[in-house]
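What follows is the content of entry34.txt, which has compact mmCIF, C-alpha atoms and all ligand atoms:
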```txt
# COMPACT_ATOMS: atom_id res chain seq x y z
CA MET A 1202 43.71 59.24 129.76
CA LYS A 1203 43.78 57.42 133.09
CA GLU A 1204 46.47 54.73 133.42
CA ARG A 1205 43.90 51.98 133.92
CA THR A 1206 41.66 53.05 131.02
CA TYR A 1207 44.72 53.29 128.80
CA LYS A 1208 45.75 49.77 129.71
CA ILE A 1209 42.27 48.41 128.96
CA VAL A 1210 42.13 50.22 125.60
CA MET A 1211 45.56 48.89 124.66
CA LEU A 1212 44.63 45.37 125.66
CA GLY A 1213 41.59 45.55 123.38
CA TYR A 1214 43.78 46.96 120.65
CA VAL A 1215 46.05 43.92 120.85
CA ILE A 1216 43.37 41.27 121.36
CA ILE A 1217 40.60 42.40 118.96
CA PRO A 1218 42.61 41.75 115.74
CA LEU A 1219 43.34 38.28 117.07
CA VAL A 1220 39.65 37.62 117.67
CA ALA A 1221 38.96 38.98 114.17
CA VAL A 1222 41.36 36.44 112.64
CA VAL A 1223 39.61 33.60 114.47
CA THR A 1224 36.21 34.91 113.34
CA ALA A 1225 37.46 35.19 109.75
CA ILE A 1226 38.55 31.56 109.91
CA ALA A 1227 35.10 30.50 111.12
CA LEU A 1228 33.28 32.54 108.43
CA LEU A 1229 35.49 31.45 105.54
CA TRP A 1230 35.69 27.79 106.55
CA ASN A 1231 35.61 25.41 103.56
CA LYS A 1232 35.16 28.32 101.16
CA TYR A 1233 38.49 30.09 101.37
CA ILE A 1234 40.17 28.23 104.18
CA PHE A 1235 40.69 24.49 104.45
CA ALA A 1236 42.02 22.14 107.08
CA THR A 1237 45.37 21.97 105.22
CA ASP A 1238 45.73 25.74 105.60
CA LEU A 1239 45.34 25.49 109.34
CA TYR A 1240 47.87 22.65 109.57
CA LEU A 1241 50.32 24.76 107.56
CA LEU A 1242 49.64 27.73 109.84
CA LEU A 1243 50.20 25.65 112.96
CA PHE A 1244 53.33 23.97 111.57
CA PHE A 1245 55.08 27.14 110.39
CA TYR A 1246 53.91 29.15 113.39
CA SER A 1247 55.46 26.59 115.73
CA PHE A 1248 58.81 26.43 113.97
CA SER A 1249 58.95 30.22 113.57
CA ILE A 1250 58.36 30.75 117.29
CA LEU A 1251 60.93 28.09 118.19
CA GLY A 1252 63.35 29.70 115.74
CA ILE A 1253 63.06 33.05 117.50
CA GLY A 1254 62.80 31.72 121.07
CA ILE A 1255 65.39 28.96 120.98
CA GLY A 1256 67.49 30.03 117.98
CA TYR A 1257 67.77 33.81 117.97
CA HIS A 1258 67.09 34.44 121.65
CA ARG A 1259 68.25 31.68 124.02
CA LEU A 1260 71.03 30.38 121.78
CA LEU A 1261 72.43 33.32 119.79
CA THR A 1262 71.78 36.24 122.12
CA HIS A 1263 72.18 34.66 125.54
CA ASP A 1264 74.36 31.63 124.84
CA GLY A 1265 72.05 29.54 127.06
CA PHE A 1266 73.40 26.21 125.83
CA LYS A 1267 75.82 24.61 123.37
CA THR A 1268 74.89 22.29 120.54
CA PHE A 1269 76.07 20.76 117.25
CA ALA A 1270 76.36 23.07 114.24
CA PRO A 1271 73.45 21.50 112.28
CA ILE A 1272 71.06 21.93 115.23
CA ARG A 1273 72.28 25.48 115.79
CA ALA A 1274 71.74 26.15 112.09
CA PHE A 1275 68.27 24.59 112.15
CA PHE A 1276 66.95 26.85 114.91
CA ILE A 1277 68.60 29.99 113.54
CA LEU A 1278 67.25 29.40 110.04
CA CYS A 1279 63.78 28.83 111.51
CA GLY A 1280 64.27 32.25 113.12
CA CYS A 1281 65.07 33.76 109.69
CA MET A 1282 61.72 32.39 108.47
CA THR A 1283 59.79 34.87 110.66
CA LEU A 1284 61.08 37.95 108.78
CA GLU A 1285 61.95 39.65 112.06
CA GLY A 1286 65.35 40.73 110.84
CA LYS A 1287 68.71 39.12 110.20
CA PRO A 1288 70.16 37.25 113.17
CA LEU A 1289 73.00 39.74 113.82
CA ALA A 1290 70.79 42.83 113.88
CA TRP A 1291 68.17 41.03 115.99
CA THR A 1292 70.80 39.92 118.49
CA ALA A 1293 72.53 43.30 118.72
CA THR A 1294 69.22 45.06 119.31
CA HIS A 1295 68.25 42.58 121.98
CA VAL A 1296 71.60 42.83 123.78
CA LYS A 1297 71.07 46.59 123.89
CA HIS A 1298 67.54 46.05 125.22
CA HIS A 1299 68.96 44.09 128.16
CA ALA A 1300 71.66 46.69 128.81
CA HIS A 1301 69.18 49.59 129.00
CA SER A 1302 65.78 47.96 129.67
CA ASP A 1303 63.13 50.65 130.09
CA HIS A 1304 65.72 53.41 130.30
CA GLU A 1305 66.75 56.05 127.81
CA ASP A 1306 68.68 53.85 125.38
CA ASP A 1307 66.26 50.92 125.28
CA PRO A 1308 65.35 50.46 121.58
CA HIS A 1309 61.79 49.37 122.39
CA SER A 1310 60.52 50.36 125.83
CA PRO A 1311 56.71 50.64 126.11
CA LEU A 1312 57.35 53.46 128.60
CA GLU A 1313 57.87 55.58 125.48
CA GLY A 1314 54.33 54.58 124.50
CA PHE A 1315 52.81 51.14 124.14
CA TRP A 1316 52.66 51.38 120.33
CA HIS A 1317 56.32 52.41 120.17
CA GLY A 1318 57.37 49.46 122.36
CA HIS A 1319 55.25 47.04 120.35
CA VAL A 1320 55.96 47.88 116.73
CA GLY A 1321 56.56 51.65 116.37
CA TRP A 1322 60.26 51.20 117.12
CA VAL A 1323 60.85 49.07 113.98
CA PHE A 1324 60.09 52.11 111.80
CA SER A 1325 63.34 53.77 112.80
CA GLN A 1326 66.49 52.14 111.48
CA GLU A 1327 68.39 53.71 114.35
CA ASN A 1328 66.77 51.17 116.65
CA PHE A 1329 68.57 48.29 114.92
CA GLU A 1330 71.92 48.17 116.58
CA ASP A 1331 75.37 47.59 115.19
CA PRO A 1332 76.49 43.95 115.64
CA LYS A 1333 80.13 45.10 115.66
CA VAL A 1334 79.40 46.86 118.95
CA TYR A 1335 76.96 44.49 120.63
CA CYS A 1336 77.84 40.98 119.45
CA PRO A 1337 81.19 41.09 117.60
CA HIS A 1338 81.95 37.44 118.48
CA LEU A 1339 79.10 36.32 116.21
CA LEU A 1340 80.83 37.84 113.19
CA GLU A 1341 83.27 34.93 113.48
CA ASP A 1342 80.51 32.35 113.82
CA LYS A 1343 80.18 30.37 110.57
CA VAL A 1344 76.57 29.29 111.17
CA THR A 1345 75.40 32.84 111.96
CA MET A 1346 77.23 34.26 108.95
CA PHE A 1347 75.68 31.61 106.69
CA ALA A 1348 72.23 32.61 107.98
CA GLU A 1349 73.09 36.29 107.38
CA ARG A 1350 74.05 35.67 103.77
CA THR A 1351 71.09 33.44 102.94
CA TYR A 1352 68.55 35.28 105.12
CA PHE A 1353 65.78 35.83 102.54
CA LEU A 1354 65.97 32.31 101.16
CA TRP A 1355 64.30 30.80 104.25
CA PRO A 1356 61.07 32.79 104.38
CA VAL A 1357 60.78 32.40 100.59
CA LEU A 1358 61.24 28.62 100.89
CA SER A 1359 58.56 28.47 103.59
CA PHE A 1360 56.16 30.34 101.28
CA VAL A 1361 57.00 28.00 98.39
CA ALA A 1362 56.35 24.97 100.62
CA CYS A 1363 52.98 26.46 101.62
CA TYR A 1364 52.09 26.93 97.94
CA ALA A 1365 53.16 23.39 97.03
CA ILE A 1366 51.04 21.88 99.81
CA GLY A 1367 48.06 24.22 100.07
CA GLY A 1368 47.99 26.39 96.95
CA TRP A 1369 47.31 30.12 97.32
CA THR A 1370 45.17 29.72 100.44
CA GLY A 1371 48.12 27.80 101.89
CA VAL A 1372 50.37 30.81 101.19
CA LEU A 1373 47.80 33.13 102.75
CA TRP A 1374 47.44 31.21 106.02
CA GLY A 1375 50.70 29.27 106.38
CA GLY A 1376 52.70 32.22 105.04
CA LEU A 1377 51.20 35.69 105.49
CA VAL A 1378 48.86 35.16 108.43
CA ARG A 1379 51.62 33.17 110.12
CA VAL A 1380 54.12 36.04 109.70
CA PHE A 1381 51.48 38.44 111.07
CA LEU A 1382 50.94 36.25 114.14
CA THR A 1383 54.58 35.42 114.87
CA THR A 1384 55.82 39.00 114.56
CA HIS A 1385 53.07 40.30 116.84
CA VAL A 1386 53.67 37.56 119.40
CA THR A 1387 57.40 38.40 119.50
CA TRP A 1388 56.68 42.13 119.71
CA SER A 1389 54.22 41.41 122.51
CA VAL A 1390 57.15 40.21 124.60
CA ASN A 1391 58.56 43.74 124.31
CA SER A 1392 55.26 45.56 124.85
CA ILE A 1393 52.84 43.38 126.88
CA CYS A 1394 55.59 41.69 128.93
CA HIS A 1395 56.93 45.10 129.97
CA THR A 1396 53.44 46.32 130.93
CA PHE A 1397 51.02 43.61 132.08
CA GLY A 1398 51.54 40.85 134.62
CA PRO A 1399 53.15 40.17 137.97
CA ARG A 1400 56.85 40.52 138.75
CA GLY A 1401 58.42 37.57 140.51
CA PHE A 1402 61.86 39.14 140.80
CA GLU A 1403 62.98 42.68 141.46
CA THR A 1404 64.77 44.00 138.37
CA THR A 1405 65.71 47.52 137.27
CA ASP A 1406 63.13 47.45 134.47
CA GLU A 1407 59.40 46.96 134.05
CA SER A 1408 59.56 43.33 132.87
CA ARG A 1409 56.56 41.12 133.70
CA ASN A 1410 55.55 37.49 133.67
CA ASN A 1411 52.54 37.21 131.39
CA TRP A 1412 50.93 33.80 131.03
CA ILE A 1413 49.10 34.52 127.74
CA ILE A 1414 52.36 35.43 126.00
CA GLY A 1415 54.01 32.59 127.95
CA LEU A 1416 51.72 30.18 126.10
CA LEU A 1417 51.69 31.90 122.69
CA ALA A 1418 55.45 32.46 122.57
CA PHE A 1419 56.31 29.01 123.91
CA GLY A 1420 57.78 30.25 127.21
CA GLU A 1421 59.17 33.68 126.22
CA GLY A 1422 56.35 35.41 128.12
CA TRP A 1423 57.95 34.65 131.52
CA HIS A 1424 59.88 37.77 130.80
CA ASN A 1425 60.51 39.03 134.33
CA ASN A 1426 62.23 35.71 135.09
CA HIS A 1427 64.24 36.22 131.94
CA HIS A 1428 65.36 39.74 132.87
CA ALA A 1429 66.32 38.50 136.32
CA PHE A 1430 68.39 35.64 134.83
CA PRO A 1431 69.08 36.45 131.17
CA ARG A 1432 71.43 33.55 130.50
CA SER A 1433 69.13 30.84 131.80
CA ALA A 1434 68.00 28.46 129.03
CA PHE A 1435 64.71 28.14 130.92
CA HIS A 1436 62.29 31.04 131.25
CA GLY A 1437 59.58 29.19 133.18
CA MET A 1438 60.81 28.91 136.78
CA ARG A 1439 57.74 27.64 138.61
CA TRP A 1440 55.96 24.38 137.82
CA TYR A 1441 52.96 26.30 136.48
CA GLN A 1442 55.03 28.52 134.18
CA PHE A 1443 54.72 26.43 131.03
CA ASP A 1444 57.82 26.86 128.90
CA LEU A 1445 57.64 24.72 125.75
CA SER A 1446 61.03 25.90 124.44
CA GLY A 1447 62.57 25.07 127.81
CA LEU A 1448 61.07 21.57 127.70
CA ILE A 1449 62.47 21.01 124.21
CA ILE A 1450 65.94 22.13 125.38
CA ARG A 1451 65.67 19.82 128.40
CA PHE A 1452 64.71 16.91 126.14
CA MET A 1453 67.59 17.62 123.75
CA GLU A 1454 69.94 17.71 126.73
CA LYS A 1455 68.67 14.31 127.93
CA VAL A 1456 69.35 12.66 124.58
CA GLY A 1457 72.78 14.31 124.32
CA LEU A 1458 72.06 16.83 121.56
CA VAL A 1459 72.81 19.91 123.67
CA TRP A 1460 75.12 20.55 126.60
CA GLU A 1461 76.40 23.28 128.96
CA VAL A 1462 72.76 24.23 129.55
CA GLN A 1463 72.55 27.35 131.76
CA ARG A 1464 70.15 26.88 134.66
CA ILE A 1465 69.46 28.76 137.89
CA GLY A 1466 69.25 26.79 141.12
CA GLN A 1467 66.41 27.21 143.60
CA GLU A 1468 68.74 28.82 146.16
CA THR A 1469 70.02 31.45 143.76
CA GLN A 1470 66.44 32.29 142.81
CA GLU A 1471 65.45 32.77 146.46
CA ALA A 1472 68.56 34.85 147.15
CA HIS A 1473 67.72 37.08 144.20
CA ARG A 1474 64.18 37.60 145.49
CA LEU A 1475 65.55 38.76 148.86
CA ARG A 1476 68.34 40.88 147.44
CA GLY A 1477 65.77 42.48 145.18
CA LEU A 1478 63.75 43.66 148.13
CA THR A 1479 66.60 45.47 149.91
CA MET A 1480 67.89 46.96 146.67
CA HIS A 1481 64.43 48.23 145.90
CA GLU A 1482 64.20 50.02 149.23
CA ASN A 1483 67.56 51.73 148.69
CA ILE A 1484 66.64 52.86 145.20
CA ALA A 1485 63.26 54.11 146.39
CA GLU A 1486 65.03 56.17 149.09
CA LEU A 1487 67.50 57.58 146.59
CA LYS A 1488 64.70 58.54 144.26
CA GLU A 1489 62.83 60.27 147.02
CA GLU A 1490 65.96 62.21 147.91
CA LEU A 1491 66.37 63.34 144.32
CA GLY A 1492 62.71 64.42 144.24
CA THR A 1493 63.17 66.56 147.36
CA PHE A 1494 66.39 68.00 145.98
CA ILE A 1495 64.64 69.12 142.79
CA ASP A 1496 61.76 70.65 144.76
CA GLN A 1497 64.25 72.63 146.83
CA ALA A 1498 66.15 73.72 143.73
CA ARG A 1499 62.93 74.98 142.14
CA GLN A 1500 62.01 76.93 145.28
CA GLU A 1501 65.47 78.44 145.48
CA MET A 1502 65.29 79.57 141.86
CA ASP A 1503 61.87 81.18 142.36
CA GLN A 1504 63.03 83.01 145.48
CA MET A 1505 66.08 84.39 143.68
CA MET A 1506 63.83 85.61 140.87
CA LEU A 1507 61.59 87.41 143.37
CA LYS A 1508 64.55 89.14 144.96
CA LEU A 1509 65.77 90.56 141.66
CA PRO A 1510 64.96 94.21 140.91
CA PRO A 1511 62.08 94.20 138.34
CA GLN A 1512 64.17 95.81 135.56
CA LYS A 1513 66.69 92.93 135.75
CA VAL A 1514 64.21 90.06 135.56
CA ALA A 1515 64.15 90.03 131.74
CA ALA A 1516 67.90 89.37 131.62
CA VAL A 1517 67.60 86.06 133.46
CA ARG A 1518 64.18 84.98 132.29
CA TYR A 1519 65.60 82.65 129.65
CA THR A 1520 68.01 80.93 132.06
CA HIS A 1521 65.24 80.61 134.63
CA GLU A 1522 62.78 79.15 132.16
CA THR A 1523 65.11 76.60 130.56
CA THR A 1524 66.45 75.43 133.92
CA MET A 1525 62.98 75.04 135.38
CA LYS A 1526 61.83 73.23 132.24
CA ARG A 1527 64.63 70.72 132.61
CA PHE A 1528 63.82 70.20 136.30
CA VAL A 1529 60.19 69.46 135.45
CA GLU A 1530 61.32 67.13 132.65
CA ILE A 1531 63.48 65.18 135.09
CA GLN A 1532 60.64 64.92 137.57
CA LEU A 1533 58.25 63.68 134.88
CA GLY A 1534 60.87 61.17 133.78
CA MET A 1535 61.15 59.92 137.35
CA GLN A 1536 57.39 59.36 137.47
CA LYS A 1537 57.46 57.51 134.16
CA HIS A 1538 60.45 55.27 134.93
CA ARG A 1539 59.28 53.66 138.11
CA ASN A 1540 62.33 51.39 138.25
CA MET A 1541 65.23 53.74 137.70
CA LYS A 1542 68.74 52.43 137.99
CA ARG A 1543 71.01 53.81 140.71
CA ARG A 1544 73.36 55.17 138.04
CA ALA A 1545 70.55 57.09 136.34
CA ILE A 1546 69.43 58.65 139.62
CA GLU A 1547 72.96 59.73 140.46
CA LYS A 1548 73.39 61.22 137.00
CA ARG A 1549 70.19 63.28 137.40
CA TYR A 1550 71.32 64.43 140.85
CA GLN A 1551 74.58 65.67 139.38
CA GLU A 1552 72.78 67.41 136.54
CA VAL A 1553 70.33 69.22 138.83
CA ALA A 1554 73.20 70.39 141.07
CA GLU A 1555 75.14 71.72 138.06
CA LEU A 1556 72.15 73.46 136.49
CA LEU A 1557 71.25 75.09 139.79
CA GLU A 1558 74.80 76.31 140.24
CA ILE A 1559 74.96 77.82 136.75
CA ALA A 1560 71.58 79.53 137.16
CA LYS A 1561 72.56 80.93 140.56
CA GLN A 1562 75.81 82.33 139.17
CA ARG A 1563 73.98 84.01 136.33
CA MET A 1564 71.39 85.54 138.66
CA THR A 1565 73.99 86.87 141.08
CA MET A 1566 75.92 88.34 138.17
CA VAL A 1567 72.85 90.13 136.81
CA ALA A 1568 71.81 91.34 140.26
CA ALA A 1569 75.23 92.84 140.93
ZN ZN B 1601 62.59 42.76 127.94
ZN ZN B 1602 66.77 38.30 126.31
```
Would you mind writing the file out in structure tokens?
Amino acid sequence: MKERTYKIVMLGYVIIPLVAVVTAIALLWNKYIFATDLYLLLFFYSFSILGIGIGYHRLLTHDGFKTFAPIRAFFILCGCMTLEGKPLAWTATHVKHHAHSDHEDDPHSPLEGFWHGHVGWVFSQENFEDPKVYCPHLLEDKVTMFAERTYFLWPVLSFVACYAIGGWTGVLWGGLVRVFLTTHVTWSVNSICHTFGPRGFETTDESRNNWIIGLLAFGEGWHNNHHAFPRSAFHGMRWYQFDLSGLIIRFMEKVGLVWEVQRIGQETQEAHRLRGLTMHENIAELKEELGTFIDQARQEMDQMMLKLPPQKVAAVRYTHETTMKRFVEIQLGMQKHRNMKRRAIEKRYQEVAELLEIAKQRMTMVAA
């Protein structure tokens, strides 16, 4: 399927269920859904999204600001409410995402397929990383460990509250539909915000600024900004990039509830934009060089095969085939990962050189 068609199909795939939910609300109004249900949905949706955005993400993972233990606990426990995983596993996975964004070890890159980047990745336990490796300091954090131990209590409590206020329809909308919406909005940061939207800063991944997710996820959709400056407590960096979580943090800072708020000055932002441009040119050159090198290697291999006496071809066919297969694989990978890191390019270069050398040795040996 063509890249553009694929993108349109995927966009429909993400948006149509959302439209269906809105239609269902309209059709069922005052029969199976009441105003209270919508208030519950809005209330729990908001605190779930803030729990993930401010609690799990900006506070736990990126240490974007400091605050009092009860406030820290409040946001983290709101995060638990979303059923997106315990805080330690969530954090470890996200730290790994930043370390390998859109490269081989990224737990949820949409370059492996949009579905995989969105939700497919959660089906493999291997994609949930070990906190001892990625965030060992949190194992000493009392608030985090309390949230770990009591994790399931918080979603259950939110469901009980929905039942007490709105009965079973309250549980349906304020509980289940809310979990459906909040999980998909968070996952959209991984899938949509690594696929659709402009890039303000040059980064070594495919991160994008997407205004729809920016609104729905209370600021988390300005994801290219975030990859450029992961520690910043603010993801919106232009006046028009609405960042509700950022505004809440700014307000809490004003009234003295949070401090040591990480922010990026205008000058640093500009410098990053410029540095990004030159780095990009270098990487593009390196990539081109690697491409040419592989083409040459493939030609060289073919010529050596042609020079072999026909009765000896069978003896090297396997080596020839596997080496060529790997070369093609690397070239396809280069097409897929448009923003390869320098390290990755150098590693491939090394690999191609070694493979070529081994194959040449084998061919000369057989020919002799
Ligand atoms: Zn990302
Ligand atoms: Zn992050």
Item to check | Given 10 Å and all atoms listed in the file, residues near ligand ZN 1602 (chain B) as a PyMOL selection string | outcome: chain A and resi 1254+1257-1259+1261-1263+1292+1295-1299+1390+1421+1424+1427-1428+1430-1433+1436
Checklist entry - If you measure from atom CA of Met1505 of chain A to atom CA of Thr1523 of chain A, what distance in Å do you get, rounded to one decimal? => result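 About the pair atom CA of Met1505 of chain A and atom CA of Thr1523 of chain A: they are 15.3 Å apart.
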Checklist entry - Got a sec: who's within 6 Å of Gly1256 of chain A, counting only C-alpha atoms, leaving out chain neighbours fewer than 3 positions off, as a list in words? => result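 So the residues in contact are Gly1252, Ile1253, Leu1260, Phe1276 and Ile1277 of chain A.
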Next on the checklist: Would you pick out the contacts of Thr1520 of chain A at 9 Å or less, using only C-alpha atoms, so that residues sharing its chain but fewer than 6 positions from it are not included, and give the list as a list in words?
Outcome noted: Ile1559, Ala1560, Arg1563 and Met1564 of chain A
Save the residues we just selected, C-alpha atoms, as a compact mmCIF listing (two decimals), keeping the file's coordinate frame?
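As written to disk, again-v3.txt reads:
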```
# COMPACT_ATOMS: atom_id res chain seq x y z
CA ILE A 1559 74.96 77.82 136.75
CA ALA A 1560 71.58 79.53 137.16
CA ARG A 1563 73.98 84.01 136.33
CA MET A 1564 71.39 85.54 138.66
```
Checklist entry - What is the distance between atom CA of Ser1408 of chain A and atom CA of Gly1422 of chain A, in Å to one decimal? => result 9.8 Å
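Note that the spacing between atom CA of Pro1332 of chain A and atom CA of Ala1293 of chain A amounts to 5.1 Å.
Ranking A:Gly1265, A:Gly1534, A:Gly1286, A:Gly1318 by their shortest atom-to-atom distance to ligand ZN 1601 (chain B), with only C-alpha atoms and all ligand atoms included, puts A:Gly1318 first.
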Report as a PDB file with C-alpha atoms, in the coordinates of the input all protein, DNA and RNA residues lying within 12 Å of Gln1326 of chain A, evaluated on only C-alpha atoms, omitting residues in the same chain fewer than 6 positions from it.
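Below you can see out-v1.pdb, which holds the result:
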```pdb
ATOM      1  CA  GLY A1286      65.350  40.730 110.840  1.00  0.00           C
ATOM      2  CA  ALA A1290      70.790  42.830 113.880  1.00  0.00           C
ATOM      3  CA  THR A1294      69.220  45.060 119.310  1.00  0.00           C
ATOM      4  CA  PRO A1308      65.350  50.460 121.580  1.00  0.00           C
TER       5      PRO A1308
END
```
Item to check | Asn1425 of chain A surroundings by only C-alpha atoms, 7 Å radius, close-in-sequence under 4 positions cut, as a list in words | outcome: Arg1400, Gly1401, Phe1402, Ser1408, Arg1409, Asn1410 and Ala1429 of chain A
The selected residues should be written to file as a short mmCIF file (atom, residue, chain, number, x, y, z; two decimals), in the coordinates of the input (atoms: C-alpha atoms).
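File produced: out-v3.cif:
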```cif
data_model
loop_
_atom_site.label_atom_id
_atom_site.label_comp_id
_atom_site.auth_asym_id
_atom_site.auth_seq_id
_atom_site.Cartn_x
_atom_site.Cartn_y
_atom_site.Cartn_z
CA ARG A 1400 56.85 40.52 138.75
CA GLY A 1401 58.42 37.57 140.51
CA PHE A 1402 61.86 39.14 140.80
CA SER A 1408 59.56 43.33 132.87
CA ARG A 1409 56.56 41.12 133.70
CA ASN A 1410 55.55 37.49 133.67
CA ALA A 1429 66.32 38.50 136.32
#
```
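For the choices A:Arg1499, A:Met1541, A:Ala1515, A:Gly1375, the atom-to-atom distance to Val1553 of chain A is smallest for A:Arg1499 when using all atoms listed in the file.
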Next on the checklist: So that I can see what lies close to Ile1216 of chain A, please list as a list of chain:residue names the residues with an atom at most 12 Å from it, counting only C-alpha atoms and leaving out residues fewer than 3 positions away in the same chain.
Outcome noted: A:Ile1209, A:Val1210, A:Met1211, A:Leu1212, A:Gly1213, A:Leu1219, A:Val1220, A:Ala1221, A:Val1222, A:Val1223, A:Leu1382, A:His1385, A:Val1386, A:Ser1389, A:Ile1393, A:Ile1413, A:Ile1414
Next on the checklist: Let me make sure I understand: among A:Lys1561, A:His1317, A:Arg1350, A:Arg1518, which one has the smallest atom-to-atom distance to Glu1501 of chain A if we use only C-alpha atoms?
Outcome noted: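 Smallest distance to Glu1501 of chain A is found for A:Lys1561.
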Checklist entry - How would you write as number ranges by chain the residues that get within 12 Å of (64.1, 74.5, 141.5) in the file's frame, counting only C-alpha atoms? => result A: 1491-1506, 1521-1532, 1553-1558, 1560-1561
Item to check | Residue nearest ligand ZN 1601 (chain B) - candidates A:Ala1472, A:Ala1516, A:Met1453, A:Ala1300, atoms counted: all atoms listed in the file | outcome: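 Closest to ligand ZN 1601 (chain B), using all atoms listed in the file: A:Ala1300.
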Checklist entry - Restricting the calculation to all atoms listed in the file, which member of A:Leu1284, A:Cys1336, A:Ile1255, A:Ala1362 is positioned closest to Leu1241 of chain A? => result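 Under the stated criterion, the closest residue is A:Ala1362.
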